[in-house]
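Dropping my_file-v1.pdb in here (PDB, C-alpha atoms):
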```pdb
ATOM      1  CA  MET M   1      18.261 -63.351  16.941
ATOM      2  CA  LYS M   2      20.263 -61.855  19.791
ATOM      3  CA  SER M   3      20.944 -58.668  17.820
ATOM      4  CA  GLU M   4      17.210 -58.138  17.278
ATOM      5  CA  GLY M   5      16.659 -58.459  20.991
ATOM      6  CA  ARG M   6      19.414 -55.976  21.738
ATOM      7  CA  ARG M   7      17.960 -53.436  19.313
ATOM      8  CA  PHE M   8      14.592 -53.929  20.835
ATOM      9  CA  THR M   9      16.062 -53.455  24.314
ATOM     10  CA  ARG M  10      18.125 -50.435  23.272
ATOM     11  CA  PHE M  11      15.049 -48.861  21.736
ATOM     12  CA  HIS M  12      13.104 -49.369  24.955
ATOM     13  CA  VAL M  13      15.953 -47.950  27.040
ATOM     14  CA  ALA M  14      16.174 -44.864  24.805
ATOM     15  CA  LEU M  15      12.422 -44.455  24.905
ATOM     16  CA  GLY M  16      12.510 -44.740  28.687
ATOM     17  CA  PHE M  17      15.127 -41.966  28.923
ATOM     18  CA  VAL M  18      13.013 -39.697  26.707
ATOM     19  CA  VAL M  19       9.907 -40.322  28.817
ATOM     20  CA  ILE M  20      11.828 -39.659  32.061
ATOM     21  CA  ALA M  21      13.281 -36.418  30.596
ATOM     22  CA  VAL M  22       9.822 -35.219  29.568
ATOM     23  CA  VAL M  23       8.370 -35.981  32.994
ATOM     24  CA  VAL M  24      11.241 -34.220  34.815
ATOM     25  CA  LEU M  25      10.999 -31.129  32.590
ATOM     26  CA  GLY M  26       7.214 -31.043  33.022
ATOM     27  CA  ILE M  27       7.510 -31.184  36.811
ATOM     28  CA  ARG M  28      10.155 -28.406  36.818
ATOM     29  CA  SER M  29       7.958 -26.198  34.607
ATOM     30  CA  GLU M  30       4.947 -26.778  36.847
ATOM     31  CA  ASN M  31       6.978 -25.912  39.964
ATOM     32  CA  ALA M  32       8.318 -22.715  38.359
ATOM     33  CA  ALA M  33       4.851 -21.619  37.270
ATOM     34  CA  THR M  34       3.443 -22.372  40.731
ATOM     35  CA  GLU M  35       6.209 -20.297  42.375
ATOM     36  CA  VAL M  36       5.609 -17.305  40.126
ATOM     37  CA  LEU M  37       1.839 -17.400  40.548
ATOM     38  CA  THR M  38       2.102 -17.823  44.327
ATOM     39  CA  ALA M  39       4.538 -14.898  44.568
ATOM     40  CA  ARG M  40       2.237 -12.682  42.492
ATOM     41  CA  ARG M  41      -0.764 -13.542  44.668
ATOM     42  CA  GLN M  42       1.208 -12.698  47.793
ATOM     43  CA  GLY M  43       2.631  -9.535  46.235
ATOM     44  CA  ASN M  44       6.293 -10.265  46.929
ATOM     45  CA  VAL M  45       7.711 -10.497  43.432
ATOM     46  CA  THR M  46      11.421  -9.817  43.132
ATOM     47  CA  PRO M  47      12.072  -8.250  39.730
ATOM     48  CA  ASP M  48      14.617  -9.745  37.434
ATOM     49  CA  PRO M  49      17.456  -7.282  36.631
ATOM     50  CA  MET M  50      16.899  -7.728  32.888
ATOM     51  CA  LEU M  51      13.173  -7.166  33.375
ATOM     52  CA  ALA M  52      13.838  -4.035  35.430
ATOM     53  CA  GLN M  53      16.138  -2.698  32.690
ATOM     54  CA  SER M  54      13.571  -3.354  29.957
ATOM     55  CA  ILE M  55      10.848  -1.679  32.057
ATOM     56  CA  ALA M  56      13.090   1.372  32.534
ATOM     57  CA  SER M  57      13.801   1.618  28.805
ATOM     58  CA  ALA M  58      10.068   1.249  28.081
ATOM     59  CA  GLU M  59       9.336   4.097  30.507
ATOM     60  CA  MET M  60      11.961   6.282  28.777
ATOM     61  CA  MET M  61      10.419   5.530  25.383
ATOM     62  CA  SER M  62       6.983   6.332  26.770
ATOM     63  CA  ALA M  63       8.215   9.688  28.086
ATOM     64  CA  ARG M  64       9.836  10.465  24.738
ATOM     65  CA  ASP M  65       6.623   9.484  22.950
ATOM     66  CA  SER M  66       4.585  11.743  25.228
ATOM     67  CA  ILE M  67       6.887  14.680  24.375
ATOM     68  CA  LEU M  68       6.429  13.890  20.712
ATOM     69  CA  ALA M  69       2.681  13.535  21.141
ATOM     70  CA  SER M  70       2.438  16.917  22.842
ATOM     71  CA  SER M  71       4.132  18.586  19.874
ATOM     72  CA  ILE M  72       1.646  17.138  17.381
ATOM     73  CA  PRO M  73      -1.644  19.032  17.056
ATOM     74  CA  THR M  74      -4.460  17.244  18.765
ATOM     75  CA  GLY M  75      -7.148  15.669  16.682
ATOM     76  CA  ARG M  76     -10.137  13.470  17.050
ATOM     77  CA  ASP M  77      -9.632  10.564  19.408
ATOM     78  CA  PRO M  78     -11.475   7.580  17.933
ATOM     79  CA  PHE M  79     -11.759   6.014  21.387
ATOM     80  CA  GLN M  80     -13.535   8.942  23.039
ATOM     81  CA  GLU M  81     -16.843  10.399  21.978
ATOM     82  CA  GLY M  82     -17.201  14.093  21.380
ATOM     83  CA  THR M  83     -13.609  14.892  20.468
ATOM     84  CA  VAL M  84     -13.427  16.813  17.224
ATOM     85  CA  ARG M  85     -10.362  17.837  15.261
ATOM     86  CA  LYS M  86      -9.668  21.544  15.348
ATOM     87  CA  PRO M  87      -9.622  23.016  11.854
ATOM     88  CA  ARG M  88      -6.292  24.355  10.715
ATOM     89  CA  ALA M  89      -5.985  27.798   9.277
ATOM     90  CA  THR M  90      -5.376  27.426   5.579
ATOM     91  CA  GLU M  91      -4.163  29.835   2.996
ATOM     92  CA  PRO M  92      -6.503  30.471   0.106
ATOM     93  CA  HIS M  93      -5.516  28.595  -3.014
ATOM     94  CA  PRO M  94      -4.645  30.770  -5.963
ATOM     95  CA  VAL M  95      -7.216  30.610  -8.714
ATOM     96  CA  ARG M  96      -5.838  28.704 -11.642
ATOM     97  CA  GLN M  97      -6.898  29.653 -15.074
ATOM     98  CA  ALA M  98      -7.900  26.821 -17.320
ATOM     99  CA  ALA M  99      -5.201  25.867 -19.774
ATOM    100  CA  PRO M 100      -6.112  26.511 -23.373
ATOM    101  CA  ALA M 101      -7.495  23.473 -25.153
ATOM    102  CA  PRO M 102      -4.710  21.610 -26.932
ATOM    103  CA  LYS M 103      -4.677  21.869 -30.686
ATOM    104  CA  PRO M 104      -5.151  18.665 -32.668
ATOM    105  CA  ALA M 105      -2.202  17.225 -34.577
ATOM    106  CA  LEU M 106      -2.082  14.705 -37.396
ATOM    107  CA  ARG M 107      -0.237  11.612 -36.093
ATOM    108  CA  ALA M 108      -0.684   9.253 -39.047
ATOM    109  CA  LEU M 109      -2.197   9.304 -42.540
ATOM    110  CA  LEU M 110      -2.926   6.138 -44.482
ATOM    111  CA  TYR M 111      -4.238   7.222 -47.859
ATOM    112  CA  ASP M 112      -5.713   5.086 -50.615
ATOM    113  CA  ASN M 113      -8.608   5.642 -53.052
ATOM    114  CA  ILE M 114     -10.927   3.228 -51.208
ATOM    115  CA  ALA M 115     -10.835   4.035 -47.472
ATOM    116  CA  PRO M 116      -8.272   6.627 -46.343
ATOM    117  CA  MET M 117      -7.626   6.683 -42.554
ATOM    118  CA  ILE M 118      -5.937   9.026 -40.108
ATOM    119  CA  GLN M 119      -4.888   9.143 -36.475
ATOM    120  CA  LEU M 120      -5.281  12.379 -34.541
ATOM    121  CA  GLY M 121      -3.502  13.467 -31.395
ATOM    122  CA  VAL M 122      -5.110  15.932 -29.003
ATOM    123  CA  GLY M 123      -2.879  16.645 -26.019
ATOM    124  CA  GLU M 124      -1.650  13.316 -24.651
ATOM    125  CA  GLN M 125      -4.440  11.270 -26.225
ATOM    126  CA  ILE M 126      -4.168   9.602 -29.607
ATOM    127  CA  SER M 127      -7.181   8.370 -31.537
ATOM    128  CA  GLY M 128      -7.623   5.041 -33.189
ATOM    129  CA  TRP M 129      -7.930   4.911 -36.966
ATOM    130  CA  LEU M 130     -10.549   7.446 -38.110
ATOM    131  CA  HIS M 131     -12.405   7.679 -41.431
ATOM    132  CA  LYS M 132     -14.272  10.618 -42.986
ATOM    133  CA  GLY M 133     -17.167  11.552 -40.660
ATOM    134  CA  ASP M 134     -15.670   9.985 -37.495
ATOM    135  CA  GLN M 135     -15.207  12.051 -34.320
ATOM    136  CA  PHE M 136     -12.453  12.260 -31.702
ATOM    137  CA  GLN M 137     -12.365  14.688 -28.745
ATOM    138  CA  GLY M 138     -15.123  16.751 -30.360
ATOM    139  CA  TRP M 139     -13.278  17.046 -33.685
ATOM    140  CA  THR M 140     -14.971  15.603 -36.783
ATOM    141  CA  VAL M 141     -12.991  14.394 -39.806
ATOM    142  CA  VAL M 142     -14.354  16.459 -42.721
ATOM    143  CA  GLU M 143     -11.998  15.596 -45.605
ATOM    144  CA  ILE M 144      -8.940  13.366 -46.128
ATOM    145  CA  THR M 145      -6.588  13.948 -49.071
ATOM    146  CA  SER M 146      -3.140  12.565 -49.804
ATOM    147  CA  SER M 147      -1.483  15.783 -48.623
ATOM    148  CA  SER M 148      -3.737  17.085 -45.803
ATOM    149  CA  VAL M 149      -6.682  16.451 -43.501
ATOM    150  CA  GLU M 150      -9.522  18.866 -42.745
ATOM    151  CA  ILE M 151     -11.217  18.571 -39.356
ATOM    152  CA  GLY M 152     -13.913  20.691 -37.722
ATOM    153  CA  ARG M 153     -15.487  21.417 -34.351
ATOM    154  CA  SER M 154     -18.455  23.686 -33.626
ATOM    155  CA  GLY M 155     -18.037  25.756 -36.775
ATOM    156  CA  GLU M 156     -14.242  25.946 -36.575
ATOM    157  CA  ARG M 157     -12.296  24.307 -39.427
ATOM    158  CA  VAL M 158      -8.610  23.302 -39.280
ATOM    159  CA  VAL M 159      -6.463  21.952 -42.121
ATOM    160  CA  LEU M 160      -3.628  19.713 -40.959
ATOM    161  CA  PRO M 161      -0.833  19.151 -43.481
ATOM    162  CA  ALA M 162       0.509  15.616 -43.955
ATOM    163  CA  TRP M 163       4.121  16.793 -43.586
TER     164      TRP M 163
END
```
As structure tokens:
Amino acid sequence: MKSEGRRFTRFHVALGFVVIAVVVLGIRSENAATEVLTARRQGNVTPDPMLAQSIASAEMMSARDSILASSIPTGRDPFQEGTVRKPRATEPHPVRQAAPAPKPALRALLYDNIAPMIQLGVGEQISGWLHKGDQFQGWTVVEITSSSVEIGRSGERVVLPAW
């Protein structure tokens, strides 16, 4: 029974120390805040040396940024009305001629007597399985034999060998 009382007493003593520490720290923080605010109202703030050094480095960075900003062409300021970006002089782009249309190529041929199928490749694109009469990239499958495929587009006919 005595040990339970001691634990209970020790707990209360520890709790008392924690409460006293919190109260003391709270009072010190309030006093520090009151001092700073009073000094600011009166205008007699003595700068901390570390604060003065960080302000000086911030001023140096600001000066360096202003030098950088002056070297960059001015543009529209989104925070001020009426400022418009000055157009830059541009060189005319050379006229590119359209590349010739890629020729179709036979990628796969699956031949049987019931439903022969092919796959065509035009440039980088490859068709799915096509049967006679199907179209891909404007090309129509005209005829499929075991050794070649005939395709056509707008009157033009091309025979693609199987090998």
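Between Leu120 of chain M and the candidates M:Leu37, M:Ser154, M:Pro104, M:Gln135, the tightest atom-to-atom separation, counting only C-alpha atoms, involves M:Pro104.
Interatomic distance, atom CA of Ile144 of chain M to atom CA of Asp112 of chain M: 10.0 Å.
Residues matched by the PyMOL selection byres ((chain M and resi 162) around 9) in this structure: Leu106, Arg107, Ala108, Leu109, Thr145, Ser146, Ser147, Ser148, Val149, Leu160, Pro161 and Trp163 of chain M.
Computed from the coordinates, the atom CA of Thr140 of chain M to atom CA of Arg153 of chain M distance equals 6.3 Å.
Every residue that the PyMOL selection byres ((chain M and resi 125) around 12) selects in this file is listed here: Pro102, Lys103, Pro104, Ala105, Leu106, Arg107, Gln119, Leu120, Gly121, Val122, Gly123, Glu124, Ile126, Ser127, Gly128, Phe136 and Gln137 of chain M.
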Legend entry - Explicit residue set for the PyMOL selection byres ((chain M and resi 152) around 7), as a PyMOL selection string: chain M and resi 139-142+150-151+153-158
Inset, instruction - Please indicate the distance in Å from atom CA of Thr38 of chain M to atom CA of Val24 of chain M, rounded to one decimal place. - result: 21.0 Å
